[in-house]
$ cat data17.tsv   # TSV, C-alpha atoms
chain	number	residue	atom	x	y	z
A	1	MET	CA	50.07	-74.22	-125.68
A	2	ILE	CA	47.43	-71.53	-125.61
A	3	ARG	CA	44.89	-74.02	-126.89
A	4	LYS	CA	45.68	-76.43	-124.10
A	5	ILE	CA	45.11	-73.78	-121.47
A	6	THR	CA	41.82	-72.79	-123.07
A	7	THR	CA	40.67	-76.39	-123.05
A	8	ILE	CA	41.47	-76.77	-119.37
A	9	GLY	CA	39.70	-73.49	-118.67
A	10	MET	CA	36.61	-74.73	-120.45
A	11	MET	CA	36.67	-77.98	-118.54
A	12	LEU	CA	36.93	-76.09	-115.28
A	13	SER	CA	34.03	-73.84	-116.11
A	14	VAL	CA	31.92	-76.86	-117.03
A	15	ALA	CA	32.81	-78.43	-113.70
A	16	VAL	CA	31.87	-75.28	-111.77
A	17	ILE	CA	28.55	-75.01	-113.57
A	18	SER	CA	27.75	-78.68	-112.91
A	19	PHE	CA	28.51	-78.25	-109.23
A	20	ASN	CA	26.24	-75.24	-109.00
A	21	CYS	CA	23.47	-77.05	-110.80
A	22	SER	CA	23.59	-80.04	-108.51
A	23	ASN	CA	23.37	-77.77	-105.47
A	24	ASN	CA	20.49	-75.83	-106.93
A	25	ASP	CA	18.69	-79.06	-107.69
A	26	ASP	CA	18.76	-80.20	-104.11
A	27	ASP	CA	17.26	-77.61	-101.82
A	28	ASN	CA	17.23	-79.87	-98.76
A	29	GLU	CA	20.95	-80.38	-98.93
A	30	MET	CA	21.49	-76.63	-99.26
A	31	GLN	CA	19.32	-76.00	-96.21
A	32	GLU	CA	21.26	-78.40	-94.01
A	33	SER	CA	24.63	-76.92	-94.89
A	34	VAL	CA	23.46	-73.46	-93.81
A	35	THR	CA	22.38	-74.28	-90.23
A	36	THR	CA	24.42	-76.75	-88.24
A	37	VAL	CA	22.38	-78.89	-85.87
A	38	TYR	CA	23.73	-80.36	-82.64
A	39	VAL	CA	21.96	-83.43	-81.22
A	40	GLN	CA	21.85	-84.50	-77.57
A	41	GLU	CA	24.09	-87.39	-76.40
A	42	ASP	CA	24.40	-86.94	-72.63
A	43	GLN	CA	22.34	-85.12	-70.01
A	44	MET	CA	22.77	-84.48	-66.30
A	45	GLY	CA	21.02	-82.53	-63.57
A	46	ARG	CA	21.58	-84.06	-60.15
A	47	PRO	CA	24.62	-86.21	-59.38
A	48	ALA	CA	24.49	-90.02	-59.71
A	49	VAL	CA	20.88	-90.25	-60.89
A	50	ASN	CA	21.49	-92.15	-64.11
A	51	THR	CA	24.19	-94.18	-62.38
A	52	VAL	CA	22.09	-95.37	-59.46
A	53	PHE	CA	18.49	-95.39	-60.64
A	54	VAL	CA	18.50	-96.25	-64.32
A	55	ALA	CA	18.70	-99.88	-65.46
A	56	SER	CA	21.53	-100.63	-67.88
A	57	ALA	CA	19.21	-101.15	-70.83
A	58	ASP	CA	17.75	-97.66	-70.30
A	59	LYS	CA	20.91	-95.63	-69.63
A	60	ASP	CA	21.43	-94.33	-73.16
A	61	VAL	CA	17.71	-93.63	-73.57
A	62	PHE	CA	17.66	-91.69	-70.31
A	63	ASN	CA	20.56	-89.49	-71.47
A	64	LYS	CA	18.74	-88.69	-74.69
A	65	THR	CA	15.40	-87.92	-73.04
A	66	ILE	CA	14.65	-84.27	-72.38
A	67	PRO	CA	13.75	-83.44	-68.74
A	68	SER	CA	10.12	-82.56	-69.51
A	69	LYS	CA	9.65	-86.16	-70.72
A	70	GLN	CA	11.78	-87.96	-68.12
A	71	GLY	CA	9.25	-88.09	-65.28
A	72	ALA	CA	6.54	-89.89	-67.24
A	73	ALA	CA	9.06	-92.29	-68.79
A	74	PHE	CA	11.12	-93.17	-65.73
A	75	ALA	CA	9.46	-92.39	-62.37
A	76	SER	CA	7.86	-95.81	-61.90
A	77	LYS	CA	11.05	-97.60	-62.94
A	78	PHE	CA	13.04	-95.53	-60.46
A	79	LYS	CA	10.57	-96.48	-57.72
A	80	THR	CA	10.94	-100.19	-58.47
A	81	ASN	CA	14.73	-99.87	-58.41
A	82	LEU	CA	14.78	-97.85	-55.18
A	83	GLU	CA	12.56	-100.33	-53.34
A	84	ALA	CA	14.75	-103.21	-54.51
A	85	LEU	CA	17.95	-101.35	-53.65
A	86	SER	CA	17.18	-100.08	-50.17
A	87	PRO	CA	15.79	-101.90	-47.14
A	88	ALA	CA	14.86	-98.42	-45.85
A	89	PHE	CA	12.13	-98.44	-48.51
A	90	ASN	CA	10.81	-101.99	-48.23
A	91	GLU	CA	7.52	-100.96	-46.57
A	92	SER	CA	5.01	-98.82	-48.43
A	93	THR	CA	4.91	-96.36	-45.50
A	94	ASP	CA	8.71	-95.91	-45.43
A	95	LYS	CA	10.07	-92.41	-45.90
A	96	ASN	CA	13.47	-90.78	-46.16
A	97	ALA	CA	14.91	-87.97	-44.07
A	98	LEU	CA	13.07	-85.41	-46.20
A	99	GLY	CA	9.77	-87.13	-45.32
A	100	GLN	CA	9.41	-88.47	-48.86
A	101	THR	CA	7.86	-91.84	-49.66
A	102	SER	CA	9.51	-93.88	-52.40
A	103	THR	CA	6.96	-92.44	-54.82
A	104	ALA	CA	7.65	-88.83	-53.85
A	105	PHE	CA	11.43	-89.32	-53.83
A	106	THR	CA	11.62	-91.03	-57.21
A	107	THR	CA	9.14	-88.60	-58.77
A	108	LEU	CA	11.52	-85.81	-57.75
A	109	LEU	CA	14.61	-87.62	-59.04
A	110	ALA	CA	13.23	-88.91	-62.33
A	111	THR	CA	13.11	-85.38	-63.74
A	112	ASP	CA	16.85	-84.92	-63.72
A	113	VAL	CA	17.30	-81.20	-63.13
A	114	LEU	CA	19.21	-79.31	-60.47
A	115	ASN	CA	17.08	-76.83	-58.53
A	116	VAL	CA	19.03	-73.62	-57.92
A	117	SER	CA	18.09	-70.61	-55.83
A	118	LEU	CA	18.86	-67.15	-57.21
A	119	ASP	CA	18.23	-65.62	-53.80
A	120	GLY	CA	21.01	-66.82	-51.55
A	121	THR	CA	22.79	-69.95	-50.37
A	122	THR	CA	23.29	-72.55	-53.07
A	123	THR	CA	23.91	-76.05	-51.76
A	124	PHE	CA	22.80	-79.63	-52.24
A	125	TYR	CA	22.42	-79.83	-48.46
A	126	ASP	CA	24.26	-77.92	-45.75
A	127	GLY	CA	22.31	-78.87	-42.64
A	128	THR	CA	19.73	-76.12	-43.24
A	129	ASN	CA	19.18	-75.57	-46.96
A	130	VAL	CA	18.07	-78.49	-49.13
A	131	LEU	CA	18.43	-78.69	-52.93
A	132	THR	CA	19.13	-75.01	-53.55
A	133	GLY	CA	22.03	-75.73	-55.92
A	134	ARG	CA	25.23	-77.73	-55.91
A	135	ALA	CA	28.43	-76.23	-54.58
A	136	LEU	CA	31.83	-77.79	-55.23
A	137	ALA	CA	32.43	-78.85	-51.63
A	138	ASP	CA	28.99	-80.42	-51.09
A	139	ASP	CA	29.25	-84.07	-50.07
A	140	VAL	CA	26.51	-85.03	-52.51
A	141	ILE	CA	27.10	-88.78	-52.44
A	142	THR	CA	26.72	-89.03	-48.69
A	143	VAL	CA	23.55	-86.91	-48.89
A	144	GLU	CA	22.14	-89.25	-51.51
A	145	LEU	CA	23.18	-92.36	-49.58
A	146	ILE	CA	21.40	-90.98	-46.49
A	147	LEU	CA	18.25	-90.31	-48.51
A	148	ILE	CA	18.37	-93.78	-50.11
A	149	PHE	CA	19.47	-95.94	-47.15
A	150	GLY	CA	19.02	-93.81	-44.03
A	151	GLY	CA	15.27	-94.03	-43.48
A	152	GLU	CA	13.14	-91.47	-41.65
A	153	SER	CA	15.88	-90.56	-39.17
A	154	GLY	CA	18.71	-90.89	-41.65
A	155	LEU	CA	20.41	-87.65	-40.71
A	156	THR	CA	21.00	-88.65	-37.10
A	157	MET	CA	20.40	-92.38	-36.86
A	158	SER	CA	20.56	-94.25	-40.13
A	159	GLU	CA	18.74	-97.54	-40.53
A	160	ASN	CA	21.74	-98.80	-42.51
A	161	PRO	CA	24.75	-96.93	-41.13
A	162	THR	CA	27.42	-98.76	-43.14
A	163	LEU	CA	25.61	-97.88	-46.38
A	164	SER	CA	24.79	-94.26	-45.58
A	165	ASP	CA	28.25	-92.67	-45.71
A	166	ASP	CA	31.19	-93.48	-47.97
A	167	ASN	CA	33.46	-91.68	-45.47
A	168	VAL	CA	35.03	-89.51	-48.16
A	169	SER	CA	33.86	-86.05	-47.22
A	170	ALA	CA	36.09	-83.62	-49.10
A	171	ASN	CA	37.97	-83.20	-52.34
A	172	ASP	CA	41.65	-84.11	-52.71
A	173	LYS	CA	42.55	-80.47	-53.50
A	174	ASP	CA	41.27	-77.23	-52.01
A	175	PHE	CA	38.88	-75.24	-54.17
A	176	LEU	CA	39.64	-71.64	-55.08
A	177	THR	CA	37.75	-68.74	-53.54
A	178	SER	CA	37.54	-66.94	-56.89
A	179	PHE	CA	36.86	-67.77	-60.54
A	180	PRO	CA	37.28	-70.43	-61.93
A	181	TYR	CA	36.83	-71.97	-58.43
A	182	LEU	CA	38.00	-75.48	-59.44
A	183	ALA	CA	41.53	-76.44	-58.38
A	184	SER	CA	44.41	-76.61	-60.86
A	185	PRO	CA	44.96	-80.01	-62.47
A	186	TRP	CA	47.33	-82.68	-61.20
B	1	MET	CA	19.10	-111.95	-42.03
B	2	LYS	CA	18.95	-108.21	-42.42
B	3	THR	CA	22.41	-108.06	-43.92
B	4	ARG	CA	21.57	-110.82	-46.33
B	5	LYS	CA	18.47	-108.98	-47.46
B	6	ILE	CA	20.46	-105.86	-48.10
B	7	LEU	CA	23.04	-107.77	-50.08
B	8	LEU	CA	20.40	-109.55	-52.10
B	9	GLY	CA	18.71	-106.26	-52.83
B	10	LEU	CA	21.98	-104.68	-53.87
B	11	ALA	CA	22.96	-107.66	-55.96
B	12	SER	CA	19.70	-107.54	-57.86
B	13	ILE	CA	20.23	-103.86	-58.58
B	14	ALA	CA	23.75	-104.66	-59.77
B	15	LEU	CA	22.21	-107.00	-62.28
B	16	VAL	CA	19.89	-104.39	-63.69
B	17	SER	CA	22.36	-101.54	-63.44
B	18	GLY	CA	25.43	-103.26	-64.84
B	19	ALA	CA	28.71	-101.42	-64.43
B	20	ILE	CA	28.09	-98.39	-62.32
B	21	ILE	CA	30.02	-95.28	-61.59
B	22	ALA	CA	29.95	-92.02	-59.74
B	23	ALA	CA	28.28	-88.66	-60.29
B	24	ASP	CA	27.73	-89.12	-63.98
B	25	HIS	CA	31.16	-90.38	-64.99
B	26	ILE	CA	30.86	-93.09	-67.68
B	27	ASP	CA	27.18	-93.48	-66.88
B	28	ALA	CA	25.96	-95.11	-70.07
B	29	PRO	CA	27.34	-97.30	-72.86
B	30	ALA	CA	26.97	-94.83	-75.74
B	31	VAL	CA	28.94	-92.02	-74.08
B	32	GLU	CA	31.27	-94.03	-71.83
B	33	GLY	CA	34.88	-93.01	-72.37
B	34	GLY	CA	33.84	-90.72	-75.24
B	35	THR	CA	34.30	-87.00	-75.76
B	36	SER	CA	30.66	-86.19	-74.96
B	37	ASP	CA	30.61	-87.99	-71.59
B	38	ILE	CA	29.50	-85.53	-68.90
B	39	THR	CA	31.10	-86.33	-65.55
B	40	ASP	CA	29.57	-83.61	-63.42
B	41	PHE	CA	27.44	-80.51	-63.26
B	42	TYR	CA	27.47	-77.78	-60.61
B	43	ALA	CA	25.55	-74.54	-60.21
B	44	PHE	CA	26.26	-72.16	-57.33
B	45	GLN	CA	26.33	-68.52	-56.31
B	46	GLY	CA	29.56	-66.76	-57.28
B	47	ALA	CA	32.05	-64.95	-55.07
B	48	ASN	CA	30.15	-61.92	-56.35
B	49	THR	CA	26.71	-62.88	-55.02
B	50	ASN	CA	25.00	-61.10	-57.93
B	51	ASN	CA	26.32	-63.87	-60.18
B	52	LEU	CA	25.61	-67.55	-60.68
B	53	VAL	CA	28.32	-70.02	-61.70
B	54	PHE	CA	27.78	-73.03	-63.98
B	55	VAL	CA	30.35	-75.82	-64.19
B	56	ALA	CA	30.29	-78.69	-66.68
B	57	ASN	CA	32.96	-81.36	-66.59
B	58	VAL	CA	33.51	-83.90	-69.35
B	59	GLN	CA	35.88	-86.82	-70.06
B	60	GLY	CA	36.71	-87.85	-66.50
B	61	LEU	CA	39.49	-89.93	-64.98
B	62	ILE	CA	42.24	-88.20	-66.99
B	63	THR	CA	45.61	-89.06	-65.45
B	64	PRO	CA	48.40	-86.46	-65.24
B	65	GLU	CA	50.28	-88.52	-67.85
B	66	ASN	CA	47.38	-88.20	-70.29
B	67	SER	CA	46.56	-84.58	-69.50
B	68	ALA	CA	48.83	-82.91	-72.08
B	69	VAL	CA	46.94	-84.58	-74.93
B	70	ALA	CA	43.43	-84.31	-73.46
B	71	LYS	CA	41.24	-81.96	-75.43
B	72	PHE	CA	37.68	-80.85	-76.01
B	73	ASP	CA	35.96	-82.31	-79.07
B	74	LYS	CA	35.31	-79.58	-81.64
B	75	ASN	CA	32.15	-81.41	-82.70
B	76	VAL	CA	30.62	-81.46	-79.23
B	77	MET	CA	28.64	-78.54	-77.85
B	78	ILE	CA	28.28	-78.28	-74.09
B	79	GLU	CA	24.96	-76.63	-73.31
B	80	PHE	CA	23.71	-75.31	-69.98
B	81	ASN	CA	19.92	-75.27	-69.86
B	82	ILE	CA	17.95	-72.93	-67.60
B	83	ASP	CA	14.21	-73.28	-66.91
B	84	THR	CA	12.80	-70.25	-65.11
B	85	ASP	CA	9.08	-71.10	-65.07
B	86	GLY	CA	8.99	-74.66	-63.74
B	87	ASP	CA	7.97	-76.54	-66.89
B	88	TYR	CA	11.37	-78.25	-67.31
B	89	VAL	CA	11.78	-76.68	-70.75
B	90	GLU	CA	14.79	-74.42	-71.22
B	91	ASP	CA	14.02	-70.69	-71.29
B	92	TYR	CA	17.70	-69.73	-71.59
B	93	VAL	CA	20.78	-71.60	-72.74
B	94	ILE	CA	24.51	-71.07	-72.55
B	95	GLN	CA	26.39	-72.86	-75.32
B	96	ALA	CA	30.12	-73.67	-75.28
B	97	ILE	CA	31.81	-74.92	-78.43
B	98	PRO	CA	35.56	-75.20	-79.11
B	99	SER	CA	36.88	-73.28	-82.11
B	100	SER	CA	39.61	-74.38	-84.51
B	101	ASP	CA	42.03	-71.88	-82.95
B	102	ASP	CA	41.95	-73.37	-79.46
B	103	LYS	CA	39.41	-70.99	-78.03
B	104	MET	CA	36.15	-71.88	-76.35
B	105	TYR	CA	33.31	-69.87	-77.84
B	106	VAL	CA	30.59	-69.17	-75.32
B	107	TYR	CA	27.16	-68.09	-76.53
B	108	GLY	CA	24.59	-66.66	-74.15
B	109	PRO	CA	22.87	-66.79	-71.82
B	110	ALA	CA	20.04	-66.12	-74.26
B	111	VAL	CA	16.69	-67.48	-75.34
B	112	PRO	CA	17.41	-70.60	-77.45
B	113	ASN	CA	16.55	-70.79	-81.14
B	114	GLU	CA	14.69	-74.02	-80.36
B	115	THR	CA	14.12	-76.25	-77.32
B	116	GLY	CA	14.62	-79.99	-76.96
B	117	LYS	CA	17.14	-82.54	-78.16
B	118	ASN	CA	18.42	-80.54	-81.12
B	119	SER	CA	20.15	-77.18	-80.92
B	120	THR	CA	21.53	-74.57	-83.27
B	121	LEU	CA	24.03	-71.91	-82.28
B	122	LEU	CA	22.77	-68.64	-80.88
B	123	SER	CA	23.43	-65.51	-82.89
B	124	ASN	CA	26.89	-63.95	-82.87
B	125	SER	CA	25.62	-61.03	-80.82
B	126	TYR	CA	25.60	-63.37	-77.81
B	127	LYS	CA	29.10	-64.69	-78.44
B	128	SER	CA	32.17	-64.35	-76.24
B	129	SER	CA	35.33	-66.43	-76.09
B	130	VAL	CA	38.21	-67.51	-73.90
B	131	ALA	CA	41.48	-69.21	-74.83
B	132	ILE	CA	41.47	-72.86	-73.71
B	133	THR	CA	44.07	-73.03	-70.93
B	134	PRO	CA	46.93	-75.33	-71.99
B	135	TYR	CA	47.89	-78.03	-69.47
B	136	GLY	CA	50.48	-76.71	-67.06
B	137	ASN	CA	49.54	-73.03	-67.53
B	138	ASP	CA	47.80	-70.79	-65.03
B	139	ALA	CA	44.05	-70.55	-65.60
B	140	ILE	CA	43.19	-68.18	-68.45
B	141	THR	CA	39.88	-66.44	-67.89
B	142	ALA	CA	37.97	-63.86	-69.91
B	143	THR	CA	35.09	-61.49	-69.20
B	144	THR	CA	33.17	-60.21	-72.20
B	145	ASN	CA	31.94	-56.68	-72.74
B	146	ALA	CA	29.78	-57.62	-75.74
B	147	SER	CA	26.68	-55.57	-74.99
B	148	SER	CA	24.04	-58.34	-74.93
B	149	VAL	CA	26.10	-60.61	-72.64
B	150	SER	CA	28.23	-58.04	-70.81
B	151	GLY	CA	29.86	-59.42	-67.67
B	152	VAL	CA	29.81	-63.10	-68.67
B	153	LYS	CA	33.02	-64.73	-67.47
B	154	ALA	CA	34.46	-67.96	-68.87
B	155	PHE	CA	37.16	-70.58	-68.36
B	156	ALA	CA	37.87	-73.76	-70.31
B	157	GLY	CA	40.58	-76.33	-69.71
B	158	LEU	CA	41.84	-79.07	-67.43
B	159	ARG	CA	41.11	-78.96	-63.72
B	160	ASP	CA	41.39	-81.36	-60.81
B	161	ASP	CA	38.20	-83.46	-60.79
B	162	PRO	CA	36.20	-81.80	-57.98
B	163	PHE	CA	34.13	-84.95	-57.43
B	164	PHE	CA	34.98	-87.17	-54.47
B	165	MET	CA	33.61	-90.59	-53.56
B	166	ASP	CA	34.74	-94.07	-52.57
B	167	PHE	CA	33.46	-95.42	-55.82
B	168	ALA	CA	35.53	-98.60	-55.63
B	169	GLN	CA	33.85	-99.61	-52.38
B	170	TYR	CA	30.42	-98.65	-53.72
B	171	SER	CA	31.06	-100.98	-56.65
B	172	ALA	CA	32.08	-103.76	-54.28
B	173	ILE	CA	28.90	-103.27	-52.25
B	174	VAL	CA	26.66	-103.24	-55.29
B	175	GLY	CA	28.59	-106.19	-56.72
B	176	GLY	CA	27.88	-108.17	-53.56
B	177	THR	CA	31.49	-108.54	-52.42
B	178	ALA	CA	31.32	-106.02	-49.54
B	179	GLY	CA	28.70	-105.34	-46.90
B	180	GLY	CA	29.32	-101.64	-46.37
B	181	PHE	CA	31.67	-98.70	-46.72
B	182	ASN	CA	35.07	-98.50	-45.06
B	183	ASN	CA	36.00	-95.84	-42.53
B	184	PRO	CA	37.98	-93.97	-43.63
B	185	GLY	CA	37.01	-94.39	-47.26
B	186	ALA	CA	39.29	-93.85	-50.25
B	187	ASP	CA	38.56	-91.19	-52.88
B	188	THR	CA	38.55	-93.05	-56.20
B	189	PHE	CA	38.91	-89.73	-58.06
B	190	ALA	CA	41.91	-88.43	-56.16
B	191	GLY	CA	44.75	-87.42	-58.45
B	192	THR	CA	42.67	-87.35	-61.64
B	193	ASN	CA	41.67	-84.47	-63.92
B	194	VAL	CA	38.67	-83.48	-66.01
B	195	LEU	CA	38.04	-81.03	-68.83
B	196	SER	CA	36.01	-78.17	-67.36
B	197	VAL	CA	33.92	-75.34	-68.69
B	198	VAL	CA	33.13	-72.72	-66.06
B	199	VAL	CA	30.79	-69.84	-66.91
B	200	GLU	CA	29.76	-67.12	-64.46
B	201	VAL	CA	26.80	-64.95	-65.41
B	202	PRO	CA	24.92	-62.05	-63.81
B	203	LYS	CA	21.73	-63.42	-62.25
B	204	THR	CA	19.81	-60.65	-64.02
B	205	MET	CA	20.36	-62.54	-67.29
B	206	ILE	CA	18.65	-65.73	-66.07
B	207	GLY	CA	15.64	-64.62	-64.08
B	208	SER	CA	17.05	-62.49	-61.23
B	209	THR	CA	15.14	-64.14	-58.39
B	210	GLY	CA	13.32	-67.33	-57.34
B	211	THR	CA	14.32	-70.91	-58.12
B	212	ILE	CA	15.47	-72.10	-61.52
B	213	ASN	CA	15.85	-75.65	-62.80
B	214	THR	CA	19.12	-76.29	-64.61
B	215	TRP	CA	20.81	-79.17	-66.39
B	216	VAL	CA	23.67	-79.71	-68.78
B	217	THR	CA	23.67	-81.53	-72.10
B	218	THR	CA	26.33	-82.47	-74.61
B	219	LYS	CA	25.22	-82.28	-78.22
B	220	ARG	CA	27.13	-83.56	-81.23
B	221	LYS	CA	27.43	-81.70	-84.52
B	222	GLN	CA	25.55	-83.54	-87.28

$ encode --input "data17.tsv" --output "structure tokens"
Amino acid sequence: MIRKITTIGMMLSVAVISFNCSNNDDDNEMQESVTTVYVQEDQMGRPAVNTVFVASADKDVFNKTIPSKQGAAFASKFKTNLEALSPAFNESTDKNALGQTSTAFTTLLATDVLNVSLDGTTTFYDGTNVLTGRALADDVITVELILIFGGESGLTMSENPTLSDDNVSANDKDFLTSFPYLASPW
Amino acid sequence: MKTRKILLGLASIALVSGAIIAADHIDAPAVEGGTSDITDFYAFQGANTNNLVFVANVQGLITPENSAVAKFDKNVMIEFNIDTDGDYVEDYVIQAIPSSDDKMYVYGPAVPNETGKNSTLLSNSYKSSVAITPYGNDAITATTNASSVSGVKAFAGLRDDPFFMDFAQYSAIVGGTAGGFNNPGADTFAGTNVLSVVVEVPKTMIGSTGTINTWVTTKRKQ
């Protein structure tokens, strides 16, 4: 009986030593197990950018591209898509309500970050402030539709009125006035 | 003639864009319907105007029936990126990662260990946590007093999807079966939930003044 236990003990110690050896032999494997790495799968700055402006073959690539590389990789593709999508941009001199040509507009959008002011009002657009953040109640889709389809006078007289407003202007639940601000779930 | 041109233009975009949806909900094949799919990102001044609030929503279109089983993926980090000097490279990050005991660990804001597509967790000195609010409970929130991130407030759990849009009609327009939006429109996201991470931080931790560039990423544990 005692001999059996000793034998098992010896086997175990051999196993432990082998395990240690194999780890010591492979420094790369040891390194990886110490620091866990997380790798990017999805990315978002402004609403609906990937959805509207990125061709289906590029959508995964866009999500895995860091913002500092997005402009060079995607601005000209965005411009082609915008000009095909919107009759408000079918002339080279066309501009949107912010006075941006298709080149200026898509150069802005291709780097998919949200600009946020630390000095006051934060809103996508509230009639006065433009791109100073994104608040929960902002009607971001209508703002984007106006900039895409509205033309130079899109805010007051859209060139394509039936494409410039989805006529859904508020959330289905009221937001909270204090943290965490989002409404309770259904 | 004008209408036809619009429709042709839209139809050609539909061909290149494929299935299309909303703010960022199911925006690309690799993340669509998965646990790393970002649906929305918000950044706005808090009720306390000295603070800025970051919101990341993932896994959209969760019905009330499916809400009790909806959960964050423990292998997916949600990372808020903050660029303070206009080069579109993150100068600060806030990392949220679910723990095995149903808490959301929140690290930062702090200078990242590295920038770019790959991330490692910030040091424990920047760590705070909040219990993930179970479905049906009142929102559980937590404010840390850890010295390097004192005042950072966090929430994690299900919320009503704050996004609103007549996505169905947009799809019909882009698909060439409708010529414009309806009035009134119908909110495709009404009655659905998302998994939300909300983090409120003192502005002094992320640059204090001026304009920052921000974005959210989801990153999977390797």

$ interface_residues --input "data17.tsv" --of "chain A" --to "chain B" --cutoff "6 Å" --atoms "all atoms listed in the file" --output "PyMOL selection string"
chain A and resi 37-45+47-48+51+55-56+59-60+67-68+84-85+113-119+122+133-135+162-163+166-168+171-172+183-186

$ residues_around --input "data17.tsv" --residues "segment 100-111 of chain A" --least-positions-apart "5" --cutoff "10 Å" --atoms "only C-alpha atoms" --output "ChimeraX atom specification"
/A:45-46,49-50,53-54,62,65-83,88-95,147-148,151-152 /B:88

$ atom_distance --input "data17.tsv" --atom1 "atom CA of Ser178 of chain A" --atom2 "atom CA of Val106 of chain B"
19.8 Å

$ atom_distance --input "data17.tsv" --atom1 "atom CA of Leu182 of chain A" --atom2 "atom CA of Ser125 of chain B"
28.6 Å

$ atom_distance --input "data17.tsv" --atom1 "atom CA of Thr123 of chain A" --atom2 "atom CA of Leu176 of chain A"
16.7 Å

$ closest_residue --input "data17.tsv" --among "A:Leu136, A:Ala57, A:Leu98, A:Val130" --to "Thr177 of chain A" --atoms "all atoms listed in the file"
A:Leu136

$ axis_aligned_box --input "data17.tsv" --around "segment 28-36 of chain B" --padding-each-side "3 Å" --output "JSON"
{"center_x": 30.4, "center_y": -91.7, "center_z": -72.9, "size_x": 14.9, "size_y": 17.1, "size_z": 11.7}
